[in-house]
$ cat structure-v9.cif   # mmCIF, C-alpha atoms and all ligand atoms
data_coords
loop_
_atom_site.label_atom_id
_atom_site.label_comp_id
_atom_site.auth_asym_id
_atom_site.auth_seq_id
_atom_site.Cartn_x
_atom_site.Cartn_y
_atom_site.Cartn_z
CA MET B 1 -58.90 -9.23 -21.08
CA ALA B 2 -55.70 -9.81 -19.22
CA LEU B 3 -53.45 -12.77 -18.49
CA ILE B 4 -52.88 -13.08 -14.78
CA VAL B 5 -50.63 -15.47 -12.86
CA GLN B 6 -51.86 -16.07 -9.32
CA LYS B 7 -49.60 -17.77 -6.76
CA TYR B 8 -51.08 -19.18 -3.55
CA GLY B 9 -48.82 -19.99 -0.59
CA GLY B 10 -48.99 -22.86 1.90
CA THR B 11 -51.57 -21.41 4.32
CA SER B 12 -53.78 -20.40 1.40
CA VAL B 13 -54.01 -24.06 0.31
CA GLY B 14 -53.58 -25.53 3.83
CA THR B 15 -56.91 -27.42 3.92
CA VAL B 16 -59.51 -28.72 1.49
CA GLU B 17 -61.74 -25.76 2.45
CA ARG B 18 -58.95 -23.28 1.70
CA ILE B 19 -58.38 -24.96 -1.68
CA GLN B 20 -62.10 -24.63 -2.45
CA LYS B 21 -61.87 -20.92 -1.55
CA VAL B 22 -58.97 -20.56 -3.96
CA ALA B 23 -61.04 -22.23 -6.69
CA GLU B 24 -63.88 -19.77 -6.07
CA ARG B 25 -61.50 -16.82 -6.27
CA VAL B 26 -59.94 -18.08 -9.49
CA ILE B 27 -63.39 -18.45 -11.02
CA ARG B 28 -64.31 -14.89 -9.98
CA TRP B 29 -61.29 -13.65 -11.95
CA ARG B 30 -62.19 -15.90 -14.90
CA LYS B 31 -65.69 -14.41 -14.91
CA MET B 32 -64.17 -10.94 -15.21
CA GLY B 33 -62.85 -12.24 -18.54
CA HIS B 34 -59.23 -12.94 -17.64
CA ASP B 35 -57.01 -15.89 -18.49
CA ILE B 36 -55.65 -17.39 -15.28
CA VAL B 37 -52.57 -19.49 -14.57
CA VAL B 38 -52.35 -20.60 -10.94
CA VAL B 39 -49.16 -21.59 -9.13
CA VAL B 40 -49.54 -23.32 -5.78
CA SER B 41 -47.30 -24.26 -2.86
CA ALA B 42 -47.61 -27.44 -0.83
CA MET B 43 -50.10 -27.39 2.08
CA SER B 44 -48.56 -25.45 4.98
CA GLY B 45 -46.15 -27.56 7.03
CA GLU B 46 -45.97 -30.26 4.36
CA THR B 47 -42.52 -29.44 2.98
CA ASN B 48 -41.11 -29.43 6.53
CA ARG B 49 -42.82 -32.73 7.25
CA LEU B 50 -41.39 -34.38 4.15
CA LEU B 51 -37.86 -33.12 4.74
CA GLY B 52 -38.17 -34.23 8.39
CA LEU B 53 -38.87 -37.80 7.27
CA ALA B 54 -35.69 -37.79 5.23
CA ARG B 55 -33.72 -36.35 8.14
CA GLU B 56 -34.90 -39.23 10.35
CA ILE B 57 -33.15 -41.63 8.00
CA ASP B 58 -30.13 -39.51 7.14
CA PRO B 59 -29.44 -35.90 8.15
CA LYS B 60 -27.09 -35.65 5.18
CA ALA B 61 -29.41 -37.23 2.59
CA ASP B 62 -28.58 -36.99 -1.12
CA PRO B 63 -29.93 -33.60 -2.36
CA ARG B 64 -31.26 -35.23 -5.54
CA GLU B 65 -33.51 -37.49 -3.47
CA LEU B 66 -34.53 -34.59 -1.19
CA ASP B 67 -35.82 -32.75 -4.26
CA MET B 68 -37.63 -35.85 -5.50
CA LEU B 69 -39.30 -36.03 -2.09
CA ALA B 70 -40.06 -32.34 -1.46
CA ALA B 71 -41.55 -31.83 -4.92
CA THR B 72 -44.38 -34.24 -4.07
CA GLY B 73 -45.94 -31.67 -1.69
CA GLU B 74 -46.93 -29.43 -4.59
CA GLN B 75 -48.16 -32.34 -6.70
CA VAL B 76 -50.91 -32.91 -4.13
CA THR B 77 -52.19 -29.33 -4.16
CA ILE B 78 -52.20 -28.87 -7.95
CA ALA B 79 -54.40 -31.94 -8.39
CA LEU B 80 -56.75 -30.96 -5.55
CA LEU B 81 -57.15 -27.45 -6.93
CA ALA B 82 -57.85 -28.73 -10.44
CA ILE B 83 -60.48 -31.09 -8.99
CA ALA B 84 -62.04 -28.22 -7.01
CA LEU B 85 -62.17 -26.02 -10.12
CA GLN B 86 -63.73 -28.78 -12.22
CA LYS B 87 -66.29 -29.50 -9.52
CA LEU B 88 -67.40 -25.87 -9.80
CA GLY B 89 -67.73 -26.25 -13.56
CA GLN B 90 -64.45 -24.60 -14.52
CA PRO B 91 -62.32 -26.68 -16.92
CA ALA B 92 -58.80 -26.94 -15.48
CA ARG B 93 -55.63 -28.94 -15.85
CA SER B 94 -52.71 -29.39 -13.47
CA TYR B 95 -49.05 -29.83 -14.35
CA THR B 96 -45.90 -30.54 -12.39
CA GLY B 97 -42.87 -28.37 -13.12
CA ALA B 98 -41.35 -31.16 -15.22
CA GLN B 99 -44.54 -31.55 -17.27
CA VAL B 100 -44.63 -27.87 -18.18
CA ARG B 101 -40.95 -28.11 -18.65
CA ILE B 102 -39.63 -25.57 -16.28
CA LEU B 103 -36.01 -26.21 -17.12
CA THR B 104 -33.48 -25.53 -14.35
CA ASP B 105 -29.79 -26.05 -13.70
CA THR B 106 -28.75 -29.09 -11.63
CA ALA B 107 -28.15 -27.35 -8.29
CA PHE B 108 -30.45 -29.62 -6.27
CA THR B 109 -32.36 -27.88 -3.42
CA LYS B 110 -31.46 -24.43 -4.82
CA ALA B 111 -31.86 -24.76 -8.58
CA ARG B 112 -32.21 -21.76 -10.86
CA ILE B 113 -34.75 -21.56 -13.66
CA ARG B 114 -33.18 -21.40 -17.14
CA GLU B 115 -36.13 -21.61 -19.47
CA ILE B 116 -39.87 -22.27 -19.47
CA ASP B 117 -41.76 -23.92 -22.32
CA THR B 118 -45.10 -22.11 -22.45
CA GLN B 119 -46.65 -24.01 -25.36
CA ARG B 120 -48.80 -26.39 -23.35
CA ILE B 121 -50.06 -23.63 -21.07
CA ARG B 122 -50.96 -21.40 -24.01
CA ASP B 123 -52.84 -24.25 -25.70
CA ASP B 124 -54.87 -24.89 -22.55
CA LEU B 125 -55.67 -21.21 -22.07
CA ARG B 126 -56.86 -21.03 -25.66
CA GLU B 127 -59.21 -23.93 -24.92
CA GLY B 128 -60.67 -21.97 -21.98
CA ARG B 129 -58.96 -23.92 -19.22
CA VAL B 130 -57.41 -22.64 -16.05
CA VAL B 131 -53.86 -23.98 -15.82
CA VAL B 132 -52.57 -25.04 -12.40
CA VAL B 133 -48.79 -25.37 -12.08
CA ALA B 134 -46.79 -26.82 -9.19
CA GLY B 135 -44.58 -24.18 -7.60
CA PHE B 136 -41.07 -24.69 -6.18
CA GLN B 137 -39.96 -27.25 -8.78
CA GLY B 138 -38.50 -27.85 -12.19
CA VAL B 139 -36.49 -30.39 -14.10
CA ASP B 140 -32.87 -30.39 -15.27
CA GLU B 141 -31.51 -31.35 -18.71
CA GLU B 142 -31.17 -34.98 -17.60
CA GLY B 143 -34.78 -35.21 -16.41
CA ASN B 144 -33.98 -35.02 -12.69
CA ILE B 145 -36.56 -33.23 -10.57
CA THR B 146 -35.15 -30.11 -8.91
CA THR B 147 -36.45 -27.59 -6.37
CA LEU B 148 -35.84 -23.86 -6.20
CA GLY B 149 -35.04 -23.34 -2.51
CA ARG B 150 -37.43 -22.70 0.38
CA GLY B 151 -40.14 -20.23 -0.51
CA GLY B 152 -39.45 -21.00 -4.18
CA SER B 153 -43.07 -21.02 -5.34
CA ASP B 154 -42.91 -17.22 -5.42
CA THR B 155 -40.15 -17.55 -7.99
CA SER B 156 -42.14 -20.12 -10.00
CA GLY B 157 -45.04 -17.66 -10.15
CA VAL B 158 -42.94 -14.70 -11.24
CA ALA B 159 -40.92 -16.74 -13.75
CA LEU B 160 -44.11 -18.07 -15.35
CA ALA B 161 -45.53 -14.55 -15.48
CA ALA B 162 -42.34 -13.38 -17.20
CA ALA B 163 -42.33 -16.26 -19.70
CA LEU B 164 -46.01 -15.77 -20.52
CA LYS B 165 -45.65 -11.97 -20.57
CA ALA B 166 -48.53 -11.86 -18.12
CA ASP B 167 -50.16 -8.54 -17.28
CA GLU B 168 -49.67 -9.13 -13.55
CA CYS B 169 -48.33 -11.65 -11.07
CA GLN B 170 -50.41 -11.79 -7.90
CA ILE B 171 -48.84 -13.39 -4.83
CA TYR B 172 -51.65 -14.46 -2.48
CA THR B 173 -50.54 -15.12 1.09
CA ASP B 174 -51.71 -14.93 4.72
CA VAL B 175 -51.08 -11.17 5.14
CA ASP B 176 -52.74 -8.50 2.99
CA GLY B 177 -49.56 -7.02 1.57
CA VAL B 178 -46.01 -5.99 2.35
CA TYR B 179 -45.78 -4.25 5.72
CA THR B 180 -43.28 -1.82 7.21
CA THR B 181 -42.02 -4.85 9.14
CA ASP B 182 -43.25 -8.37 9.93
CA PRO B 183 -46.71 -7.76 11.47
CA ARG B 184 -46.19 -10.83 13.65
CA VAL B 185 -43.37 -9.05 15.47
CA GLU B 186 -44.71 -5.47 15.44
CA PRO B 187 -48.52 -5.26 15.62
CA ASN B 188 -48.31 -1.56 14.70
CA ALA B 189 -46.71 -2.41 11.35
CA ARG B 190 -48.45 -0.66 8.47
CA ARG B 191 -49.31 -2.06 5.06
CA LEU B 192 -47.56 -0.28 2.19
CA ASP B 193 -49.58 0.55 -0.94
CA ARG B 194 -46.38 0.51 -2.96
CA ILE B 195 -42.75 -0.42 -2.49
CA THR B 196 -39.95 -0.13 -5.06
CA PHE B 197 -38.26 -3.25 -6.47
CA GLU B 198 -35.01 -2.02 -5.04
CA GLU B 199 -36.39 -1.77 -1.51
CA MET B 200 -38.27 -5.06 -1.78
CA LEU B 201 -35.09 -6.75 -2.96
CA GLU B 202 -33.20 -5.33 0.00
CA MET B 203 -35.98 -6.31 2.46
CA ALA B 204 -36.08 -9.86 1.05
CA SER B 205 -32.31 -10.29 1.12
CA LEU B 206 -32.17 -8.95 4.69
CA GLY B 207 -34.64 -11.55 5.91
CA SER B 208 -38.25 -10.55 5.09
CA LYS B 209 -39.66 -13.86 3.97
CA VAL B 210 -42.87 -12.49 2.48
CA LEU B 211 -41.28 -12.88 -1.00
CA GLN B 212 -38.40 -15.16 -1.93
CA ILE B 213 -35.48 -12.95 -2.97
CA ARG B 214 -35.12 -14.61 -6.37
CA SER B 215 -38.73 -13.84 -7.22
CA VAL B 216 -38.05 -10.13 -6.70
CA GLU B 217 -34.84 -10.32 -8.76
CA PHE B 218 -36.78 -12.00 -11.55
CA ALA B 219 -39.62 -9.50 -11.46
CA GLY B 220 -37.17 -6.60 -11.58
CA LYS B 221 -35.17 -8.10 -14.42
CA TYR B 222 -38.12 -9.03 -16.62
CA ASN B 223 -40.33 -6.12 -15.68
CA VAL B 224 -43.14 -8.25 -14.24
CA PRO B 225 -45.83 -6.22 -12.45
CA LEU B 226 -45.92 -7.84 -9.02
CA ARG B 227 -48.52 -7.56 -6.28
CA VAL B 228 -48.74 -9.14 -2.81
CA LEU B 229 -52.22 -9.65 -1.37
CA SER B 230 -54.25 -11.83 0.98
CA SER B 231 -56.15 -14.96 0.04
CA PHE B 232 -58.25 -14.47 3.18
CA ASP B 233 -59.83 -11.15 2.15
CA GLU B 234 -63.23 -11.70 0.61
CA GLY B 235 -64.95 -8.96 -1.37
CA PRO B 236 -63.96 -6.91 -4.38
CA PHE B 237 -60.33 -6.57 -5.38
CA GLU B 238 -60.59 -2.75 -5.30
CA GLU B 239 -61.11 -2.88 -1.55
CA HIS B 240 -58.09 -5.10 -0.96
CA PRO B 241 -55.48 -4.22 -3.58
CA GLY B 242 -52.51 -5.36 -1.46
CA THR B 243 -49.04 -3.97 -2.17
CA LEU B 244 -47.73 -3.20 -5.63
CA ILE B 245 -43.99 -3.59 -6.24
CA THR B 246 -43.03 -0.72 -8.55
CA TYR B 247 -40.11 0.96 -10.23
CA GLU B 248 -38.95 4.10 -8.53
CA GLU B 249 -40.89 7.01 -9.92
CA ASN B 250 -38.73 10.06 -10.47
CA GLY B 251 -39.87 13.07 -8.58
CA MET B 252 -42.00 11.01 -6.21
CA GLU B 253 -41.48 12.08 -2.63
CA GLU B 254 -39.80 9.01 -1.17
CA PRO B 255 -40.23 8.13 2.46
CA LEU B 256 -36.91 8.12 4.29
CA ILE B 257 -37.34 4.60 5.60
CA SER B 258 -39.77 2.09 4.09
CA GLY B 259 -39.29 -0.84 6.37
CA ILE B 260 -37.40 -2.90 8.89
CA ALA B 261 -36.17 -6.38 8.09
CA PHE B 262 -34.57 -8.93 10.37
CA ASN B 263 -32.79 -12.22 10.05
CA ARG B 264 -32.71 -14.79 12.83
CA ASP B 265 -30.53 -17.20 10.88
CA GLU B 266 -27.09 -15.69 11.47
CA ALA B 267 -24.16 -16.48 13.76
CA GLN B 268 -21.02 -14.50 14.51
CA LEU B 269 -17.38 -15.66 14.67
CA THR B 270 -14.28 -13.76 15.82
CA ILE B 271 -10.58 -14.45 15.47
CA LYS B 272 -8.39 -12.29 17.72
CA GLY B 273 -4.72 -11.35 17.79
CA VAL B 274 -4.02 -12.20 14.14
CA PRO B 275 -0.60 -10.94 12.96
CA ASP B 276 -1.42 -7.78 10.98
CA ALA B 277 0.17 -8.44 7.60
CA PRO B 278 -0.92 -8.30 3.95
CA GLY B 279 -3.08 -11.28 2.99
CA VAL B 280 -4.47 -11.91 6.47
CA ALA B 281 -8.14 -11.48 5.50
CA TYR B 282 -7.59 -13.87 2.61
CA ARG B 283 -5.85 -16.47 4.79
CA ILE B 284 -8.79 -16.42 7.20
CA LEU B 285 -11.76 -16.12 4.85
CA GLY B 286 -10.33 -18.08 1.90
CA PRO B 287 -10.72 -21.48 3.61
CA VAL B 288 -14.22 -20.51 4.79
CA ALA B 289 -15.27 -19.72 1.21
CA ASP B 290 -13.56 -22.88 -0.08
CA ALA B 291 -15.80 -24.90 2.26
CA ASN B 292 -18.84 -23.30 0.56
CA VAL B 293 -19.77 -21.32 3.65
CA GLU B 294 -21.27 -17.99 2.68
CA VAL B 295 -20.02 -15.03 4.70
CA ASP B 296 -22.33 -12.08 5.21
CA MET B 297 -20.88 -9.19 7.27
CA ILE B 298 -17.13 -8.78 7.82
CA VAL B 299 -15.35 -6.37 10.17
CA GLN B 300 -11.59 -6.07 10.60
CA ASN B 301 -10.33 -3.88 13.44
CA VAL B 302 -7.61 -1.30 13.00
CA GLY B 303 -4.37 -3.09 13.90
CA ALA B 304 -2.65 -2.41 17.23
CA ASP B 305 0.60 -3.93 18.56
CA GLY B 306 1.10 -5.60 15.19
CA THR B 307 -2.07 -7.68 15.50
CA THR B 308 -5.70 -7.30 14.48
CA ASP B 309 -9.13 -8.95 15.05
CA VAL B 310 -11.54 -10.14 12.35
CA THR B 311 -15.26 -10.75 13.00
CA PHE B 312 -17.73 -12.12 10.45
CA THR B 313 -21.20 -13.65 10.26
CA VAL B 314 -22.41 -16.84 8.56
CA HIS B 315 -25.71 -18.73 8.32
CA ARG B 316 -26.46 -20.37 11.66
CA ASN B 317 -26.51 -23.81 10.03
CA ASP B 318 -22.88 -23.26 9.01
CA TYR B 319 -21.73 -22.11 12.46
CA ASP B 320 -20.07 -25.36 13.59
CA LYS B 321 -18.43 -25.91 10.23
CA ALA B 322 -17.06 -22.33 10.16
CA MET B 323 -15.84 -22.62 13.77
CA GLY B 324 -13.91 -25.80 12.91
CA ILE B 325 -12.23 -24.07 9.99
CA LEU B 326 -11.42 -20.97 12.03
CA ARG B 327 -9.73 -23.01 14.79
CA LYS B 328 -7.48 -24.62 12.22
CA VAL B 329 -6.70 -21.28 10.56
CA ALA B 330 -5.93 -19.74 13.97
CA ASP B 331 -3.18 -22.31 14.55
CA GLU B 332 -1.76 -21.77 11.08
CA VAL B 333 -1.61 -17.96 11.23
CA GLY B 334 -0.65 -17.81 14.90
CA ALA B 335 -3.79 -16.03 16.14
CA ARG B 336 -4.38 -15.60 19.87
CA GLU B 337 -8.00 -16.68 20.27
CA VAL B 338 -11.16 -17.79 18.47
CA SER B 339 -14.67 -17.11 19.79
CA GLY B 340 -18.23 -17.10 18.51
CA ASN B 341 -21.88 -16.43 19.23
CA ALA B 342 -24.74 -18.26 17.54
CA LYS B 343 -27.40 -16.29 19.42
CA ILE B 344 -27.29 -13.09 17.42
CA VAL B 345 -29.67 -11.53 14.88
CA LYS B 346 -29.38 -8.91 12.19
CA VAL B 347 -31.83 -6.01 12.15
CA SER B 348 -31.88 -3.62 9.19
CA VAL B 349 -33.62 -0.39 8.24
CA VAL B 350 -34.28 0.00 4.50
CA GLY B 351 -35.27 3.00 2.41
CA VAL B 352 -34.35 4.57 -0.93
CA GLY B 353 -34.89 7.98 0.66
CA MET B 354 -31.82 7.32 2.82
CA ARG B 355 -29.60 8.10 -0.16
CA SER B 356 -30.12 11.80 0.09
CA HIS B 357 -30.34 12.11 3.86
CA ALA B 358 -27.74 12.12 6.61
CA GLY B 359 -28.52 11.26 10.19
CA ILE B 360 -30.41 7.99 9.71
CA ALA B 361 -27.61 6.04 11.34
CA SER B 362 -27.46 8.30 14.38
CA THR B 363 -31.25 8.13 14.86
CA MET B 364 -30.97 4.35 14.69
CA PHE B 365 -28.05 4.05 17.11
CA ALA B 366 -29.54 6.54 19.57
CA ALA B 367 -32.85 4.65 19.66
CA LEU B 368 -31.12 1.34 20.32
CA ALA B 369 -28.89 2.90 22.98
CA ARG B 370 -31.91 4.32 24.84
CA GLU B 371 -33.18 0.76 25.21
CA GLY B 372 -29.78 -0.50 26.37
CA ILE B 373 -29.35 -2.66 23.25
CA ASN B 374 -25.68 -3.26 22.53
CA ILE B 375 -24.62 -3.30 18.85
CA HIS B 376 -22.01 -5.95 17.93
CA MET B 377 -21.55 -5.12 14.25
CA ILE B 378 -22.70 -2.48 11.77
CA SER B 379 -22.85 -2.52 7.98
CA THR B 380 -24.28 -0.01 5.56
CA SER B 381 -25.13 0.39 1.89
CA GLU B 382 -26.77 3.25 0.01
CA ILE B 383 -30.26 2.24 1.03
CA LYS B 384 -29.86 0.20 4.22
CA ILE B 385 -28.18 0.09 7.62
CA SER B 386 -27.83 -3.26 9.39
CA VAL B 387 -26.81 -3.99 12.96
CA VAL B 388 -26.06 -7.26 14.72
CA VAL B 389 -27.54 -7.52 18.22
CA ASP B 390 -28.19 -10.28 20.76
CA GLU B 391 -31.08 -12.54 19.77
CA LYS B 392 -32.99 -11.73 22.96
CA TYR B 393 -33.33 -8.10 21.80
CA LEU B 394 -34.86 -8.89 18.39
CA GLU B 395 -38.47 -7.91 19.12
CA LEU B 396 -37.45 -4.89 21.20
CA ALA B 397 -35.03 -3.66 18.53
CA VAL B 398 -37.60 -4.02 15.72
CA ARG B 399 -40.33 -2.21 17.68
CA THR B 400 -37.97 0.51 18.92
CA LEU B 401 -36.79 1.28 15.39
CA HIS B 402 -40.31 1.08 13.98
CA ASP B 403 -41.29 3.73 16.48
CA ALA B 404 -38.14 5.85 16.12
CA PHE B 405 -38.72 6.22 12.38
CA GLY B 406 -42.48 6.82 12.77
CA LEU B 407 -43.34 3.87 10.54
CA ASP B 408 -46.73 3.31 12.14
CA LYS B 409 -47.87 6.66 10.73
CA ALA B 410 -48.78 7.07 7.06
CA ALA B 411 -45.98 8.76 5.12
P1 LIG B 501 -46.65 -18.17 1.94
O1 LIG B 501 -46.80 -19.50 2.55
O2 LIG B 501 -47.95 -17.59 1.46
O3 LIG B 501 -45.58 -18.12 0.89
P2 LIG B 501 -44.84 -16.93 3.84
O4 LIG B 501 -44.94 -17.43 5.23
O5 LIG B 501 -43.72 -17.41 2.99
O6 LIG B 501 -46.25 -17.17 3.13
O7 LIG B 501 -44.78 -15.32 3.84
C1 LIG B 501 -45.78 -14.57 4.52
C2 LIG B 501 -45.28 -14.17 5.91
O8 LIG B 501 -44.18 -13.26 5.77
C3 LIG B 501 -46.25 -13.41 6.75
O9 LIG B 501 -47.12 -14.27 7.44
C4 LIG B 501 -45.36 -12.57 7.66
O10 LIG B 501 -45.24 -13.13 8.95
C5 LIG B 501 -43.98 -12.64 7.01
N1 LIG B 501 -43.37 -11.32 6.81
C6 LIG B 501 -42.09 -10.99 7.12
N2 LIG B 501 -41.83 -9.73 6.83
C7 LIG B 501 -42.97 -9.20 6.32
C8 LIG B 501 -43.33 -7.90 5.83
N3 LIG B 501 -42.46 -6.88 5.81
N4 LIG B 501 -44.59 -7.72 5.37
C9 LIG B 501 -45.47 -8.74 5.37
N5 LIG B 501 -45.19 -9.98 5.83
C10 LIG B 501 -43.96 -10.22 6.30
N1 LIG B 502 -43.38 -25.55 -0.35
C1 LIG B 502 -42.11 -24.87 -0.48
C2 LIG B 502 -41.59 -24.41 0.87
O1 LIG B 502 -42.23 -24.65 1.89
C3 LIG B 502 -42.15 -23.74 -1.45
C4 LIG B 502 -43.04 -22.57 -1.07
O2 LIG B 502 -43.92 -22.70 -0.22
O3 LIG B 502 -42.86 -21.50 -1.67
O4 LIG B 502 -40.52 -23.87 0.95
MG MG B 503 -43.48 -18.00 1.02
#
$ encode --input "structure-v9.cif" --output "structure tokens" --more "lines below"
Ligand code: ADP
Ligand code: ASP
Ligand code: MG
Amino acid sequence: MALIVQKYGGTSVGTVERIQKVAERVIRWRKMGHDIVVVVSAMSGETNRLLGLAREIDPKADPRELDMLAATGEQVTIALLAIALQKLGQPARSYTGAQVRILTDTAFTKARIREIDTQRIRDDLREGRVVVVAGFQGVDEEGNITTLGRGGSDTSGVALAAALKADECQIYTDVDGVYTTDPRVEPNARRLDRITFEEMLEMASLGSKVLQIRSVEFAGKYNVPLRVLSSFDEGPFEEHPGTLITYEENGMEEPLISGIAFNRDEAQLTIKGVPDAPGVAYRILGPVADANVEVDMIVQNVGADGTTDVTFTVHRNDYDKAMGILRKVADEVGAREVSGNAKIVKVSVVGVGMRSHAGIASTMFAALAREGINIHMISTSEIKISVVVDEKYLELAVRTLHDAFGLDKAA
């Protein structure tokens, strides 16, 4: 007998019928003799709807109240799932994050989990109940309701699995695993049987929203066996095992490239003709950081004629704010010109096999060049290469790279 945490995303609990399907699946696992803790998201679209209501009143609403509001989405689905389970004869109990006591810090809208009290859950399991926990939410020391950032139910699931020392955390979603790239953009994308934590972390941080990045961090840190699978596949588990996130196995023949990630949420800013002197990067990027704007890629040109150019990317939501700061900085440091482009995207190839192989970058650049796709910025790490290109080339770039690295064919 195992203890399994199952997390169901928004589409998987999007209607009453879908919730009933989830109840049936949970009961199938119970009948195999396992203890089950279920974590659910709000019905699909609900979190957006709730936050939209707040925006109608005040686009800059108090984050504490936004969390109070957004957390209600998950309170609906936990109760409905518990009712569906009970109706089918399975004793069940639902809890909000605060009721479990998923203790977080006070960073409203992006809180981090500090500690989980598992007593109540363990008592229920011992009594033969299925425990249903609201994803995406917790409570701070003062009793304020907090949320964990968009997509945060994944992190609730993994954190509960870690706290309960569960045998596995299963993330049920609307695709049947982790693919070589988003199957909605590249229909030839291929499901991976396995992916390493390291690669999954890179994919998530480079924009693949199939798992929230913090959930992967958590799973890696606490050694939680993690699996992504579909809530729409009927039939035995063995036929639809999804994708297992694993530690790198030494000696295993690693594929060169595992996947392609992309991020549509970036914008690019450039400051030109900055006097090339020590401290310039700090004078430009210091005020940006002070305004809590996170900078992703940074490129500084080699100086010529005593001046240099600096280009960097930020989240698209921060574009106007960053532009305002940059204009002020330009005056102060005596720069020639400030420009920007909010219609750019970042496309990245990821693979642990890249470490020991040269030539990945040239294959990537050649493929993009053949399609006439201009690269604005490049950044690399041991296991990834990212490029910034115009937004209009996103689909073409993803498909071209998918093809260039033969990702549609089994490794
Ligand atoms: P949920 O509501 O279940 O949490 P999400 O929408 O957050 O679901 O995540 C699932 C979606 O992630 C898929 O529908 C797919 O479009 C997208 N996705 C992006 N990259 C990938 C990838 N590499 N593999 C699988 N799905 C991906
Ligand atoms: N309901 C939340 C969101 O839409 C959390 C989640 O679905 O993971 O972001
Ligand atoms: Mg999600």
$ closest_residue --input "structure-v9.cif" --among "B:Ser215, B:Gln137, B:Ser386, B:Gln20" --to "ligand MG 503 (chain B)" --atoms "only C-alpha atoms and all ligand atoms"
B:Ser215
$ closest_residue --input "structure-v9.cif" --among "B:Arg283, B:Lys209, B:Arg112, B:Arg55" --to "ligand LIG 502 (chain B)" --atoms "only C-alpha atoms and all ligand atoms"
B:Lys209
$ residues_around --input "structure-v9.cif" --residues "Met297 (chain B)" --least-positions-apart "3" --cutoff "12 Å" --atoms "only C-alpha atoms" --output "PyMOL selection string"
chain B and resi 206+266-270+285+294+300+310-315+345-346+376-381+385-388
$ residues_near_ligand --input "structure-v9.cif" --ligand "ligand LIG 501 (chain B)" --cutoff "7 Å" --atoms "all atoms listed in the file" --output "list in words"
Tyr8, Gly9, Gly10, Thr11, Ser12, Ser44, Gly151, Asp154, Tyr172, Thr173, Asp174, Val175, Gly177, Val178, Tyr179, Thr180, Thr181, Asp182, Pro183, Arg184, Ser208, Lys209, Val210, Leu211, Gly259 and Ala261 of chain B
$ residues_near_ligand --input "structure-v9.cif" --ligand "ligand LIG 502 (chain B)" --cutoff "8 Å" --atoms "all atoms listed in the file" --output "PyMOL selection string"
chain B and resi 9-10+40-48+70-71+73-74+135-136+148-155+212
$ atom_distance --input "structure-v9.cif" --atom1 "CA of Arg264 (chain B)" --atom2 "CA of Gly340 (chain B)"
15.7 Å
$ residues_around --input "structure-v9.cif" --residues "Glu382 (chain B)" --least-positions-apart "5" --cutoff "12 Å" --atoms "all atoms listed in the file" --output "list in words"
Glu198, Glu199, Glu202, Val349, Val350, Gly351, Val352, Gly353, Met354, Arg355, Ser356, His357, Ala358, Ile360 and Ala361 of chain B
$ write_last_selection --input "structure-v9.cif" --atoms "C-alpha atoms" --output "tab-separated table (two decimals), keeping the file's coordinate frame"
chain	number	residue	atom	x	y	z
B	198	GLU	CA	-35.01	-2.02	-5.04
B	199	GLU	CA	-36.39	-1.77	-1.51
B	202	GLU	CA	-33.20	-5.33	0.00
B	349	VAL	CA	-33.62	-0.39	8.24
B	350	VAL	CA	-34.28	0.00	4.50
B	351	GLY	CA	-35.27	3.00	2.41
B	352	VAL	CA	-34.35	4.57	-0.93
B	353	GLY	CA	-34.89	7.98	0.66
B	354	MET	CA	-31.82	7.32	2.82
B	355	ARG	CA	-29.60	8.10	-0.16
B	356	SER	CA	-30.12	11.80	0.09
B	357	HIS	CA	-30.34	12.11	3.86
B	358	ALA	CA	-27.74	12.12	6.61
B	360	ILE	CA	-30.41	7.99	9.71
B	361	ALA	CA	-27.61	6.04	11.34
$ closest_residue --input "structure-v9.cif" --among "B:Arg30, B:Arg214, B:Arg327, B:Lys221" --to "ligand MG 503 (chain B)" --atoms "all atoms listed in the file"
B:Arg214
